Amino acid sequence: MKTTAHLLIALLLSVPGIAQLTIEGKVVDENAQPVAFAAVRILKNTAVVSEKISAEDGSFKVSIDSTGYYGIQISHASYQAYQVYKQVTSSLTIEPVHLKKSEKQLEGVTVSTRKPMIIRKTDRISMDVANNALSAGKSSLELFQLAPGVFVNNGKISINGNPGTRVMVDGKRLQISGDDLTNYLSSLRAENIQSIEIIAHPPAEFDAEGSGGYINIVLKKQKSAGLNGSANAGYTQGRYAGTSEGLQLNFKDRDLSLFASYSHEQTKDFDDTWFSRPVGDNVHYQSTAKRVNSYTSNRVHVGGAYDISRKQYIALDYTGSFRDGGFSYNSNIAVTQPQTATNRYVQGSYPVSNTRRYHNVGVNYHLNTDTAGSGLTILSDYTQNETKTFSSAQSNFYDDKNQFLKDTLFRNATPSTAKVFTADGKYIKVLNATSALTLGAKLTHTNIYNSGTFESFSNSKWDNRNELNYIYDYQERIVAGYASYSARILKTTVQLGLRAEHTHTHGDLVSEGKLNERKYFNLFPTVFMKRGVGKGQSLSFYYGKRVSRPSYSDLNPYQSYADNYTIGMGNPYLNPSFIHSFEMGYTFKNKYTLSASYDRQKDLIAQYALQSDTDPLITIYTRRNFGKRSNAGISLYTPFALTKWWTWNNNIIVRRESVSMQDVEIAKTIFTMQAVQVFSLPKGFSFTVNATYYSNLIMGNFLFDPFLIVDAGIQKKLMKNKLILKSTVSDIGYGYQLNGNVYFSNTKVGRMEQKRQSRTFNLSAIYNFDLGKSFKARKIESSSLDEQNRLK
C-alpha cells in the first residue's frame, strides 16, 4: 500500500518529507507559577483533534496535521477555563496562559466552563449540538431551525433570507435535493451530531453552486484508542409518537482506525392545510387537506483510515441511508359560483408510498509536503440515489345538494436513479508565516434517469395514459479550476479567490423527442478583507459571485397531484441563476458584530402558477426563470454573559427584500430576532431557551404572516458525563404556523394557512463508553461538496 501511494504522489508532484506541526506553550496561574496536569485540547471546526496534559512545569506540546484555524482550550478543576483561537500557518509557540482561580459556587449555582452554544469564527458560525439541551429528539433538519439566520420550509433552506443553501456532512456535500434531501436530513439525528456550521459566504475552494451558502454538519468523533463509542435512544410525542435508536463504535490500533455507526428511526407527523383562491370571474376555490406522514429510516456509516507514515494517510468510508414510508393525503374541495346549482364539492384521497436508497463511497488521500504546513489532498466520491414513488388519486364529485355525480381514479409510478462521480485535487503552499497559495481542480459527472407511468381506472380496468408517460434522461458535466491567495498586507488580512467552471448539460425528454443542451463558462471571484482598527475592534469586507443551478427535482417533468384542481410539475428547461453578494462588518470587543449586506440575483428560479389549457379550474404550479430578487440587510450579534451561570446570545436582522417577477411585485421590510439563553445549573444540569421571531417571510409569490417559535430544554449529565439525559418541548406556543397570502399582478389572489406537528415533547439518552487510550480520529473528507443537494 505504501509503495502504491508514493508512486501516485510522485506522478502528481515532487515533494520532500515533513514532520507534523506543533502548538506549544505553558500554563501558569495568576502569580506566574506553573499549573500542572491541566487539560489542553486543540479544536478544529469544534471537533477535538488533539489533546495533552500539561507537565509538572506547566508546559505542553501537541501535534496537528495541517495549517488552519484552531481553537486552544485549557481547563483545570481549580481554575477558570481558557479558550482562544489562532490561525496556524506553521509550528506555533503561544504566550504563557494565565489561569484564574475558579469560584466553586456562586449563589448556589455551580460555575460552568462549558463552551458557548454559538461561536462566531472568521468565515462561519458554529452552533454546538452535543451540549445543547434543545437538541433532544430532533433531526438535523429540525436543528437547522435553531441556527442563527437559518430558515427551513418544506425542505427548502435559506440563510439570512437567501435561498439555495447546500448541505454538507463532515465536509461532504450531499448529492441530493428535494424530498430526498429532506428524508436524509430527517434520518440524521442530533445524537450523532457534534455541531452545525453556517457558512453564508463560501470561499473559492467551494463549488460556485449554492446562492444561499452552505451548512456543514459535523458528526461526533471518538478520540480514544482501543474500542469506544456511544449508544442513544429517543422518544418524541406530538399528535403522533416517534422513536429513534443508534449505536456508534470506534476502534484504533497503531496506524489503523475503524469506525461504524447505525441509527434507526420511526416517525409519524401531520400537516393540515387550508387554501382559498379565486378562479376566474365570480368562481371561488377552497380546500381543506389533512396529511399524515409515516416513515421508517435506517442509516449506516462505516469506514477507516490508515496512516501510511507520519506525513500521509488514506481514508475510505461508506454511507447508506434507507427510508421507506409515505403519507396519506385527504382533502375536501369546494368550487362555488354565484349560481349555487353549479357548485361542486370533491372529496379526495391521494396516498403516496416511496422507497429511497442512498449510497455514497468516498476515498481521500492526504500528504503534508513541508514543515510549514503545505499539503496535497486528493478526494473522490461516487454517489447513487434510487427513488421509487407510487401514488394514486381517488376523487368523488358531488353537486350542491351533496348528491353523488361521478368519481375518478388514477395511479402512477415514478422511479428515479441518479449517479454522481466527483474527483477533486487541491494543493496548499504555505509561502511564509502570513501567506499561502491554494490551487485546485475538480471534475463532476452526473447522470439522472427519471420515468413516469400513468394509469386511469374506467370500465372496471386500468388503462395506460400514454399522453402523460415520460422518460427524462439528464446528464451534467462540470470541470472546475480554482486558485486562492491569502496574506497579511499592511496589517490587513486579505483573501482573494477565483473559480472557473465549464458546465455542459444534456437534458433529453425522450418521451416527447425534445432535447435541451447547454454549454457555458463562468468565472466566480471572491474577495475577503479584515483589518484591526483598535483593541478588540476590526472591519471586514466580502464580495462574491455564485450560481444557483436548478435542483434535479425541479428539472423532473413529473406531475404530482395535490388534488384534482392543483398540480405540481417540474420544468426540464430551467437555466441557472447568478447572484452577487456584498457584506461589510464591524466587530467590537472581539465578540459584538454589526454587519451590512446586499445580495442581488437575476434570472430568478421561482414558482409560477398558470391555468390548465383543458380546464380553467385546474392550476399548475411549476418553476420558471424570470424576474430578479434583492436582499439588503443589517444584522447585529450580541452575546452576553449576564453571570457566570447565565449566557444570552442575540441575533437581530433587519432586511429589505424585494422580488420582481412576471406579474408579481413583492417588497417588504423584514425583522428577525433570535434569543438563546443558557443556564448552567448545579449538579450537572443545564437549561436552554430559544425564541425566534419573524415579522414576515417571502417565498416566491407567498408573503407569510409574523410568527414566533419558542423551544425549551433541560439536560443532565451523570456517571462522570458518560450518561447524558435531555428533555425538550419544541414550539411551546404552537407559533410555527405558516399563514400567508399569495400575490399575482400585485393583487392578493389567495390565502394559505398551515399547521404542522411542530409542538412536541422529546426525551433522549446518550451513553458514551471508552475502553482505550487517547488518540485523534482522522477526518474523512469528500470531493462531492456541491452536488448531493441537487439529486432526486
# chains A, B, ... in the order shown; residues from 1 in each chain; ligands from 1
$ select_by_dssp --residues "stretch 463-621 of chain A" --states "helix (DSSP H, G or I)" --output "number ranges by chain"
A: 510-512, 552-555
$ write_last_selection --atoms "N, CA, C and O atoms" --output "short mmCIF file (atom, residue, chain, number, x, y, z; two decimals), in the first residue's frame"
data_model
loop_
_atom_site.label_atom_id
_atom_site.label_comp_id
_atom_site.auth_asym_id
_atom_site.auth_seq_id
_atom_site.Cartn_x
_atom_site.Cartn_y
_atom_site.Cartn_z
N VAL A 510 -37.13 12.17 -23.63
CA VAL A 510 -37.24 11.14 -24.66
C VAL A 510 -38.67 10.94 -25.10
O VAL A 510 -38.97 10.74 -26.29
N SER A 511 -39.60 11.00 -24.16
CA SER A 511 -41.00 10.72 -24.47
C SER A 511 -41.59 11.72 -25.45
O SER A 511 -42.56 11.41 -26.15
N GLU A 512 -41.01 12.93 -25.50
CA GLU A 512 -41.54 13.95 -26.41
C GLU A 512 -40.55 14.30 -27.51
O GLU A 512 -40.84 15.18 -28.33
N TYR A 552 -32.12 19.02 -9.24
CA TYR A 552 -32.52 17.93 -10.12
C TYR A 552 -34.01 17.63 -9.99
O TYR A 552 -34.65 17.20 -10.96
N SER A 553 -34.57 17.86 -8.82
CA SER A 553 -36.01 17.64 -8.65
C SER A 553 -36.82 18.67 -9.43
O SER A 553 -37.88 18.35 -9.97
N ASP A 554 -36.33 19.91 -9.51
CA ASP A 554 -37.04 20.93 -10.29
C ASP A 554 -37.01 20.64 -11.78
O ASP A 554 -37.90 21.06 -12.53
N LEU A 555 -36.00 19.92 -12.25
CA LEU A 555 -35.88 19.59 -13.66
C LEU A 555 -36.75 18.41 -14.07
O LEU A 555 -37.00 18.20 -15.26
#
$ residues_around --residues "A:Asn522" --least-positions-apart "3" --cutoff "7 Å" --atoms "only C-alpha atoms" --output "PDB file with N, CA and C atoms, in the first residue's frame"
ATOM      1  N   ALA A 500     -13.118  29.001 -11.805  1.00  0.00           N
ATOM      2  CA  ALA A 500     -13.605  28.925 -13.186  1.00  0.00           C
ATOM      3  C   ALA A 500     -14.325  27.599 -13.361  1.00  0.00           C
ATOM      4  N   GLU A 501     -15.526  27.654 -13.940  1.00  0.00           N
ATOM      5  CA  GLU A 501     -16.308  26.442 -14.142  1.00  0.00           C
ATOM      6  C   GLU A 501     -16.847  26.391 -15.570  1.00  0.00           C
ATOM      7  N   HIS A 502     -16.652  25.243 -16.197  1.00  0.00           N
ATOM      8  CA  HIS A 502     -17.265  24.986 -17.501  1.00  0.00           C
ATOM      9  C   HIS A 502     -18.330  23.917 -17.302  1.00  0.00           C
TER      10      HIS A 502
END
$ atom_distance --atom1 "atom CA of A:Ala393" --atom2 "atom CA of A:Asp508"
28.3 Å
$ select_by_dssp --residues "stretch 304-551 of chain A" --states "strand (DSSP E or B)" --output "VMD selection string"
chain A and resid 304 to 309 312 to 336 344 to 349 352 to 368 375 to 398 404 to 413 416 to 432 435 to 458 461 to 464 470 to 489 492 to 509 514 to 534 537 to 548
$ closest_residue --among "A:Ala204, A:Ala765, A:Ala418, A:Ile23" --to "A:Ser484" --atoms "only C-alpha atoms"
A:Ala204
$ closest_residue --among "A:Val547, A:Ile471, A:Leu181, A:Val678" --to "A:Trp646" --atoms "only C-alpha atoms"
A:Val678
$ residues_around --residues "A:Glu265" --least-positions-apart "3" --cutoff "7 Å" --atoms "only C-alpha atoms" --output "PyMOL selection string"
chain A and resi 187+243-245+296-298
$ closest_atom_pairs --of "stretch 585-666 of chain A" --to "stretch 125-148 of chain A" --cutoff "10 Å" --atoms "only C-alpha atoms" --output "tab-separated table"
residue	atom	partner	partner_atom	distance
A:Tyr637	CA	A:Pro148	CA	9.4
A:Asn649	CA	A:Pro148	CA	9.9
A:Asn650	CA	A:Pro148	CA	9.0
A:Asn651	CA	A:Pro148	CA	6.6
A:Ile652	CA	A:Pro148	CA	9.0
A:Ile653	CA	A:Pro148	CA	9.7
$ residues_around --residues "A:Gly375" --least-positions-apart "3" --cutoff "6 Å" --atoms "only C-alpha atoms" --output "list in words"
Leu367, Asn368, Thr369, Tyr427 and Ile428 of chain A
$ residues_around --residues "A:Lys748" --least-positions-apart "6" --cutoff "12 Å" --atoms "only C-alpha atoms" --output "list in words"
Ser276, Arg277, Pro278, Asp663, Val664, Glu665, Ile666, Asn701, Phe702, Leu703, Gly740, Asn741 and Val742 of chain A
$ closest_residue --among "A:Tyr306, A:Gly25, A:Lys755, A:Leu174" --to "A:Asp253" --atoms "only C-alpha atoms"
A:Tyr306
$ closest_residue --among "A:Phe457, A:Asp770, A:Lys442, A:Thr387" --to "A:Lys722" --atoms "only C-alpha atoms"
A:Asp770
$ residues_around --residues "A:Ser540" --least-positions-apart "2" --cutoff "6 Å" --atoms "only C-alpha atoms" --output "short mmCIF file (atom, residue, chain, number, x, y, z; two decimals) with all heavy atoms, in the first residue's frame"
data_model
loop_
_atom_site.label_atom_id
_atom_site.label_comp_id
_atom_site.auth_asym_id
_atom_site.auth_seq_id
_atom_site.Cartn_x
_atom_site.Cartn_y
_atom_site.Cartn_z
N MET A 529 -11.51 40.82 3.11
CA MET A 529 -10.50 41.64 3.78
C MET A 529 -10.94 41.91 5.21
O MET A 529 -12.12 42.12 5.48
CB MET A 529 -10.29 42.96 3.04
CG MET A 529 -9.69 42.81 1.65
SD MET A 529 -9.34 44.40 0.86
CE MET A 529 -11.00 45.00 0.58
N LYS A 530 -9.97 41.89 6.11
CA LYS A 530 -10.24 42.17 7.52
C LYS A 530 -9.07 42.95 8.10
O LYS A 530 -7.91 42.55 7.92
CB LYS A 530 -10.46 40.88 8.30
CG LYS A 530 -10.85 41.11 9.76
CD LYS A 530 -11.14 39.79 10.46
CE LYS A 530 -11.57 40.02 11.90
NZ LYS A 530 -11.87 38.74 12.60
N MET A 584 -20.24 44.15 4.60
CA MET A 584 -19.27 44.89 5.39
C MET A 584 -19.60 44.66 6.86
O MET A 584 -20.78 44.67 7.25
CB MET A 584 -19.31 46.38 5.06
CG MET A 584 -18.90 46.71 3.65
SD MET A 584 -18.75 48.50 3.36
CE MET A 584 -17.37 48.91 4.44
N GLY A 585 -18.56 44.45 7.68
CA GLY A 585 -18.79 44.13 9.08
C GLY A 585 -17.88 44.91 10.01
O GLY A 585 -16.78 45.32 9.65
#
$ closest_residue --among "A:Asp281, A:Asp57, A:Asp705, A:Asp317" --to "A:Thr383" --atoms "only C-alpha atoms"
A:Asp317
$ closest_residue --among "A:Ser374, A:Thr267, A:Thr638, A:Thr434" --to "A:Gly234" --atoms "only C-alpha atoms"
A:Thr267
$ residues_around --residues "stretch 77-89 of chain A" --least-positions-apart "3" --cutoff "10 Å" --atoms "only C-alpha atoms" --output "NGL selection string"
:A and (21-23 or 29 or 35 or 37-44 or 64 or 66-74 or 92 or 94 or 97-104 or 111-115 or 121 or 371-374 or 430-436)
$ write_last_selection --atoms "N, CA and C atoms" --output "short mmCIF file (atom, residue, chain, number, x, y, z; two decimals), in the first residue's frame"
data_model
loop_
_atom_site.label_atom_id
_atom_site.label_comp_id
_atom_site.auth_asym_id
_atom_site.auth_seq_id
_atom_site.Cartn_x
_atom_site.Cartn_y
_atom_site.Cartn_z
N LEU A 21 3.17 19.54 12.35
CA LEU A 21 3.20 20.84 13.00
C LEU A 21 2.92 20.67 14.49
N THR A 22 3.36 21.63 15.28
CA THR A 22 3.14 21.56 16.72
C THR A 22 2.63 22.90 17.25
N ILE A 23 1.88 22.82 18.34
CA ILE A 23 1.47 24.00 19.11
C ILE A 23 1.97 23.77 20.53
N ASP A 29 -0.46 30.16 36.75
CA ASP A 29 -1.56 30.79 37.46
C ASP A 29 -1.38 32.30 37.44
N VAL A 35 1.10 25.55 36.36
CA VAL A 35 -0.10 24.78 36.65
C VAL A 35 0.08 23.41 36.00
N PHE A 37 -0.83 19.39 35.14
CA PHE A 37 -1.94 18.49 34.86
C PHE A 37 -3.21 19.22 34.39
N ALA A 38 -3.02 20.31 33.67
CA ALA A 38 -4.16 20.98 33.03
C ALA A 38 -4.46 20.27 31.71
N ALA A 39 -5.75 20.16 31.36
CA ALA A 39 -6.15 19.51 30.11
C ALA A 39 -6.07 20.52 28.97
N VAL A 40 -5.28 20.19 27.95
CA VAL A 40 -5.10 21.07 26.79
C VAL A 40 -5.73 20.36 25.58
N ARG A 41 -6.70 21.00 24.97
CA ARG A 41 -7.38 20.44 23.81
C ARG A 41 -7.25 21.38 22.62
N ILE A 42 -6.99 20.80 21.45
CA ILE A 42 -6.91 21.56 20.20
C ILE A 42 -8.15 21.22 19.38
N LEU A 43 -8.89 22.26 18.98
CA LEU A 43 -10.14 22.06 18.25
C LEU A 43 -10.03 22.62 16.84
N LYS A 44 -10.68 21.93 15.92
CA LYS A 44 -10.84 22.44 14.56
C LYS A 44 -12.27 22.19 14.14
N ILE A 64 -0.40 18.68 15.34
CA ILE A 64 -1.53 18.79 14.42
C ILE A 64 -1.04 18.43 13.03
N SER A 66 -2.16 19.85 9.91
CA SER A 66 -2.19 20.80 8.81
C SER A 66 -2.40 22.21 9.34
N THR A 67 -2.18 23.18 8.49
CA THR A 67 -2.43 24.57 8.85
C THR A 67 -3.94 24.80 8.92
N GLY A 68 -4.31 25.93 9.50
CA GLY A 68 -5.73 26.25 9.58
C GLY A 68 -6.04 27.06 10.82
N TYR A 69 -7.33 27.20 11.07
CA TYR A 69 -7.83 28.00 12.20
C TYR A 69 -8.18 27.03 13.33
N TYR A 70 -7.49 27.14 14.45
CA TYR A 70 -7.63 26.18 15.55
C TYR A 70 -8.05 26.88 16.84
N GLY A 71 -8.80 26.16 17.63
CA GLY A 71 -9.12 26.60 18.97
C GLY A 71 -8.20 25.91 19.97
N ILE A 72 -7.72 26.66 20.96
CA ILE A 72 -6.87 26.11 22.02
C ILE A 72 -7.67 26.25 23.32
N GLN A 73 -8.01 25.13 23.90
CA GLN A 73 -8.89 25.09 25.07
C GLN A 73 -8.12 24.47 26.23
N ILE A 74 -8.06 25.17 27.37
CA ILE A 74 -7.32 24.71 28.54
C ILE A 74 -8.25 24.72 29.74
N LEU A 92 3.71 26.58 16.12
CA LEU A 92 3.34 27.80 16.85
C LEU A 92 3.71 27.65 18.32
N ILE A 94 2.85 29.72 21.76
CA ILE A 94 1.99 30.80 22.26
C ILE A 94 2.55 31.35 23.57
N VAL A 97 -0.13 30.96 29.25
CA VAL A 97 -1.55 31.11 29.53
C VAL A 97 -1.75 31.26 31.04
N HIS A 98 -2.31 32.38 31.46
CA HIS A 98 -2.54 32.65 32.87
C HIS A 98 -3.98 32.26 33.22
N LEU A 99 -4.13 31.25 34.08
CA LEU A 99 -5.45 30.81 34.52
C LEU A 99 -5.82 31.49 35.83
N LYS A 100 -7.11 31.86 35.93
CA LYS A 100 -7.60 32.46 37.16
C LYS A 100 -8.27 31.40 38.02
N LYS A 101 -8.12 31.56 39.34
CA LYS A 101 -8.76 30.65 40.28
C LYS A 101 -10.27 30.68 40.08
N SER A 102 -10.90 29.50 40.09
CA SER A 102 -12.35 29.45 39.92
C SER A 102 -13.04 29.48 41.26
N GLU A 103 -14.22 30.07 41.27
CA GLU A 103 -15.07 30.04 42.45
C GLU A 103 -15.98 28.83 42.31
N LYS A 104 -15.92 27.95 43.30
CA LYS A 104 -16.65 26.70 43.16
C LYS A 104 -18.15 26.90 43.10
N VAL A 111 -20.32 27.01 38.94
CA VAL A 111 -19.71 27.71 37.82
C VAL A 111 -19.50 26.73 36.67
N SER A 112 -19.89 27.14 35.48
CA SER A 112 -19.79 26.24 34.32
C SER A 112 -18.66 26.70 33.42
N THR A 113 -17.94 25.74 32.88
CA THR A 113 -16.89 26.04 31.90
C THR A 113 -17.27 25.52 30.52
N ARG A 114 -18.55 25.22 30.31
CA ARG A 114 -18.98 24.70 29.02
C ARG A 114 -18.83 25.77 27.95
N LYS A 115 -18.51 25.36 26.75
CA LYS A 115 -18.29 26.32 25.68
C LYS A 115 -19.61 26.93 25.24
N LYS A 121 -16.86 32.55 14.02
CA LYS A 121 -15.49 32.47 13.55
C LYS A 121 -15.31 33.38 12.35
N THR A 371 7.55 21.42 6.25
CA THR A 371 7.36 21.72 7.67
C THR A 371 6.52 22.96 7.90
N ALA A 372 6.29 23.76 6.86
CA ALA A 372 5.49 24.98 7.02
C ALA A 372 4.00 24.69 7.01
N GLY A 373 3.59 23.49 6.59
CA GLY A 373 2.17 23.14 6.57
C GLY A 373 1.58 23.00 5.19
N SER A 374 2.41 23.02 4.15
CA SER A 374 1.92 22.79 2.79
C SER A 374 1.44 21.35 2.67
N VAL A 430 2.24 26.91 1.65
CA VAL A 430 2.46 27.97 2.64
C VAL A 430 3.72 28.72 2.23
N LEU A 431 3.56 29.99 1.87
CA LEU A 431 4.68 30.77 1.35
C LEU A 431 5.55 31.32 2.47
N ASN A 432 4.91 31.80 3.53
CA ASN A 432 5.63 32.27 4.71
C ASN A 432 4.66 32.26 5.88
N ALA A 433 5.02 32.91 6.96
CA ALA A 433 4.20 32.84 8.17
C ALA A 433 2.83 33.49 8.01
N THR A 434 2.66 34.36 7.01
CA THR A 434 1.39 35.08 6.88
C THR A 434 0.74 34.92 5.52
N SER A 435 1.26 34.09 4.64
CA SER A 435 0.65 33.98 3.31
C SER A 435 0.67 32.54 2.83
N ALA A 436 -0.32 32.21 2.01
CA ALA A 436 -0.44 30.86 1.46
C ALA A 436 -1.17 30.93 0.12
#
$ atom_distance --atom1 "atom CA of A:Asn768" --atom2 "atom CA of A:Gln715"
15.3 Å
$ decode --residues "stretch 121-144 of chain A" --atoms "N, CA, C and O atoms" --output "PDB file, in the first residue's frame"
ATOM      1  N   LYS A 121     -16.862  32.554  14.023  1.00  0.00           N
ATOM      2  CA  LYS A 121     -15.491  32.466  13.549  1.00  0.00           C
ATOM      3  C   LYS A 121     -15.309  33.379  12.347  1.00  0.00           C
ATOM      4  O   LYS A 121     -16.233  34.085  11.935  1.00  0.00           O
ATOM      5  N   THR A 122     -14.102  33.352  11.772  1.00  0.00           N
ATOM      6  CA  THR A 122     -13.800  34.274  10.678  1.00  0.00           C
ATOM      7  C   THR A 122     -14.735  34.091   9.491  1.00  0.00           C
ATOM      8  O   THR A 122     -15.252  35.057   8.933  1.00  0.00           O
ATOM      9  N   ASP A 123     -14.989  32.831   9.088  1.00  0.00           N
ATOM     10  CA  ASP A 123     -15.764  32.589   7.875  1.00  0.00           C
ATOM     11  C   ASP A 123     -17.054  31.826   8.115  1.00  0.00           C
ATOM     12  O   ASP A 123     -17.728  31.434   7.170  1.00  0.00           O
ATOM     13  N   ARG A 124     -17.424  31.595   9.391  1.00  0.00           N
ATOM     14  CA  ARG A 124     -18.620  30.786   9.647  1.00  0.00           C
ATOM     15  C   ARG A 124     -19.111  30.980  11.073  1.00  0.00           C
ATOM     16  O   ARG A 124     -18.408  31.520  11.933  1.00  0.00           O
ATOM     17  N   ILE A 125     -20.327  30.517  11.309  1.00  0.00           N
ATOM     18  CA  ILE A 125     -20.910  30.465  12.648  1.00  0.00           C
ATOM     19  C   ILE A 125     -21.051  29.004  13.023  1.00  0.00           C
ATOM     20  O   ILE A 125     -21.548  28.201  12.229  1.00  0.00           O
ATOM     21  N   SER A 126     -20.609  28.640  14.229  1.00  0.00           N
ATOM     22  CA  SER A 126     -20.693  27.257  14.683  1.00  0.00           C
ATOM     23  C   SER A 126     -21.677  27.168  15.837  1.00  0.00           C
ATOM     24  O   SER A 126     -21.582  27.931  16.805  1.00  0.00           O
ATOM     25  N   MET A 127     -22.646  26.249  15.733  1.00  0.00           N
ATOM     26  CA  MET A 127     -23.633  26.030  16.789  1.00  0.00           C
ATOM     27  C   MET A 127     -23.384  24.673  17.431  1.00  0.00           C
ATOM     28  O   MET A 127     -23.408  23.636  16.762  1.00  0.00           O
ATOM     29  N   ASP A 128     -23.139  24.687  18.737  1.00  0.00           N
ATOM     30  CA  ASP A 128     -22.914  23.447  19.474  1.00  0.00           C
ATOM     31  C   ASP A 128     -24.219  22.656  19.553  1.00  0.00           C
ATOM     32  O   ASP A 128     -25.277  23.195  19.865  1.00  0.00           O
ATOM     33  N   VAL A 129     -24.150  21.371  19.255  1.00  0.00           N
ATOM     34  CA  VAL A 129     -25.308  20.479  19.323  1.00  0.00           C
ATOM     35  C   VAL A 129     -25.164  19.482  20.464  1.00  0.00           C
ATOM     36  O   VAL A 129     -26.092  19.228  21.217  1.00  0.00           O
ATOM     37  N   ALA A 130     -23.949  18.928  20.620  1.00  0.00           N
ATOM     38  CA  ALA A 130     -23.733  17.864  21.599  1.00  0.00           C
ATOM     39  C   ALA A 130     -24.078  18.307  23.016  1.00  0.00           C
ATOM     40  O   ALA A 130     -24.572  17.510  23.820  1.00  0.00           O
ATOM     41  N   ASN A 131     -23.817  19.587  23.349  1.00  0.00           N
ATOM     42  CA  ASN A 131     -24.073  20.082  24.696  1.00  0.00           C
ATOM     43  C   ASN A 131     -25.307  20.974  24.778  1.00  0.00           C
ATOM     44  O   ASN A 131     -25.463  21.727  25.733  1.00  0.00           O
ATOM     45  N   ASN A 132     -26.163  20.878  23.763  1.00  0.00           N
ATOM     46  CA  ASN A 132     -27.340  21.735  23.687  1.00  0.00           C
ATOM     47  C   ASN A 132     -28.573  20.962  24.143  1.00  0.00           C
ATOM     48  O   ASN A 132     -28.956  19.964  23.526  1.00  0.00           O
ATOM     49  N   ALA A 133     -29.194  21.423  25.223  1.00  0.00           N
ATOM     50  CA  ALA A 133     -30.370  20.723  25.747  1.00  0.00           C
ATOM     51  C   ALA A 133     -31.520  20.707  24.747  1.00  0.00           C
ATOM     52  O   ALA A 133     -32.382  19.827  24.797  1.00  0.00           O
ATOM     53  N   LEU A 134     -31.553  21.661  23.818  1.00  0.00           N
ATOM     54  CA  LEU A 134     -32.662  21.754  22.863  1.00  0.00           C
ATOM     55  C   LEU A 134     -32.570  20.706  21.748  1.00  0.00           C
ATOM     56  O   LEU A 134     -33.498  20.574  20.958  1.00  0.00           O
ATOM     57  N   SER A 135     -31.459  19.986  21.681  1.00  0.00           N
ATOM     58  CA  SER A 135     -31.284  19.036  20.579  1.00  0.00           C
ATOM     59  C   SER A 135     -32.061  17.743  20.774  1.00  0.00           C
ATOM     60  O   SER A 135     -32.165  16.945  19.844  1.00  0.00           O
ATOM     61  N   ALA A 136     -32.616  17.511  21.951  1.00  0.00           N
ATOM     62  CA  ALA A 136     -33.289  16.237  22.245  1.00  0.00           C
ATOM     63  C   ALA A 136     -34.398  15.954  21.244  1.00  0.00           C
ATOM     64  O   ALA A 136     -35.269  16.790  20.999  1.00  0.00           O
ATOM     65  N   GLY A 137     -34.365  14.757  20.660  1.00  0.00           N
ATOM     66  CA  GLY A 137     -35.428  14.299  19.790  1.00  0.00           C
ATOM     67  C   GLY A 137     -35.469  14.936  18.417  1.00  0.00           C
ATOM     68  O   GLY A 137     -36.372  14.658  17.638  1.00  0.00           O
ATOM     69  N   LYS A 138     -34.487  15.770  18.078  1.00  0.00           N
ATOM     70  CA  LYS A 138     -34.543  16.497  16.815  1.00  0.00           C
ATOM     71  C   LYS A 138     -33.698  15.824  15.738  1.00  0.00           C
ATOM     72  O   LYS A 138     -32.678  15.197  16.008  1.00  0.00           O
ATOM     73  N   SER A 139     -34.140  15.997  14.511  1.00  0.00           N
ATOM     74  CA  SER A 139     -33.346  15.605  13.357  1.00  0.00           C
ATOM     75  C   SER A 139     -32.425  16.759  12.989  1.00  0.00           C
ATOM     76  O   SER A 139     -32.563  17.877  13.498  1.00  0.00           O
ATOM     77  N   SER A 140     -31.481  16.496  12.086  1.00  0.00           N
ATOM     78  CA  SER A 140     -30.588  17.571  11.647  1.00  0.00           C
ATOM     79  C   SER A 140     -31.369  18.689  10.976  1.00  0.00           C
ATOM     80  O   SER A 140     -31.038  19.875  11.121  1.00  0.00           O
ATOM     81  N   LEU A 141     -32.425  18.351  10.244  1.00  0.00           N
ATOM     82  CA  LEU A 141     -33.228  19.374   9.582  1.00  0.00           C
ATOM     83  C   LEU A 141     -33.912  20.273  10.601  1.00  0.00           C
ATOM     84  O   LEU A 141     -33.989  21.496  10.424  1.00  0.00           O
ATOM     85  N   GLU A 142     -34.390  19.695  11.685  1.00  0.00           N
ATOM     86  CA  GLU A 142     -35.027  20.486  12.745  1.00  0.00           C
ATOM     87  C   GLU A 142     -34.004  21.322  13.502  1.00  0.00           C
ATOM     88  O   GLU A 142     -34.309  22.427  13.964  1.00  0.00           O
ATOM     89  N   LEU A 143     -32.767  20.821  13.623  1.00  0.00           N
ATOM     90  CA  LEU A 143     -31.721  21.584  14.295  1.00  0.00           C
ATOM     91  C   LEU A 143     -31.364  22.852  13.520  1.00  0.00           C
ATOM     92  O   LEU A 143     -30.988  23.862  14.115  1.00  0.00           O
ATOM     93  N   PHE A 144     -31.460  22.797  12.185  1.00  0.00           N
ATOM     94  CA  PHE A 144     -31.154  23.982  11.385  1.00  0.00           C
ATOM     95  C   PHE A 144     -31.978  25.183  11.840  1.00  0.00           C
ATOM     96  O   PHE A 144     -31.521  26.329  11.815  1.00  0.00           O
TER      97      PHE A 144
END
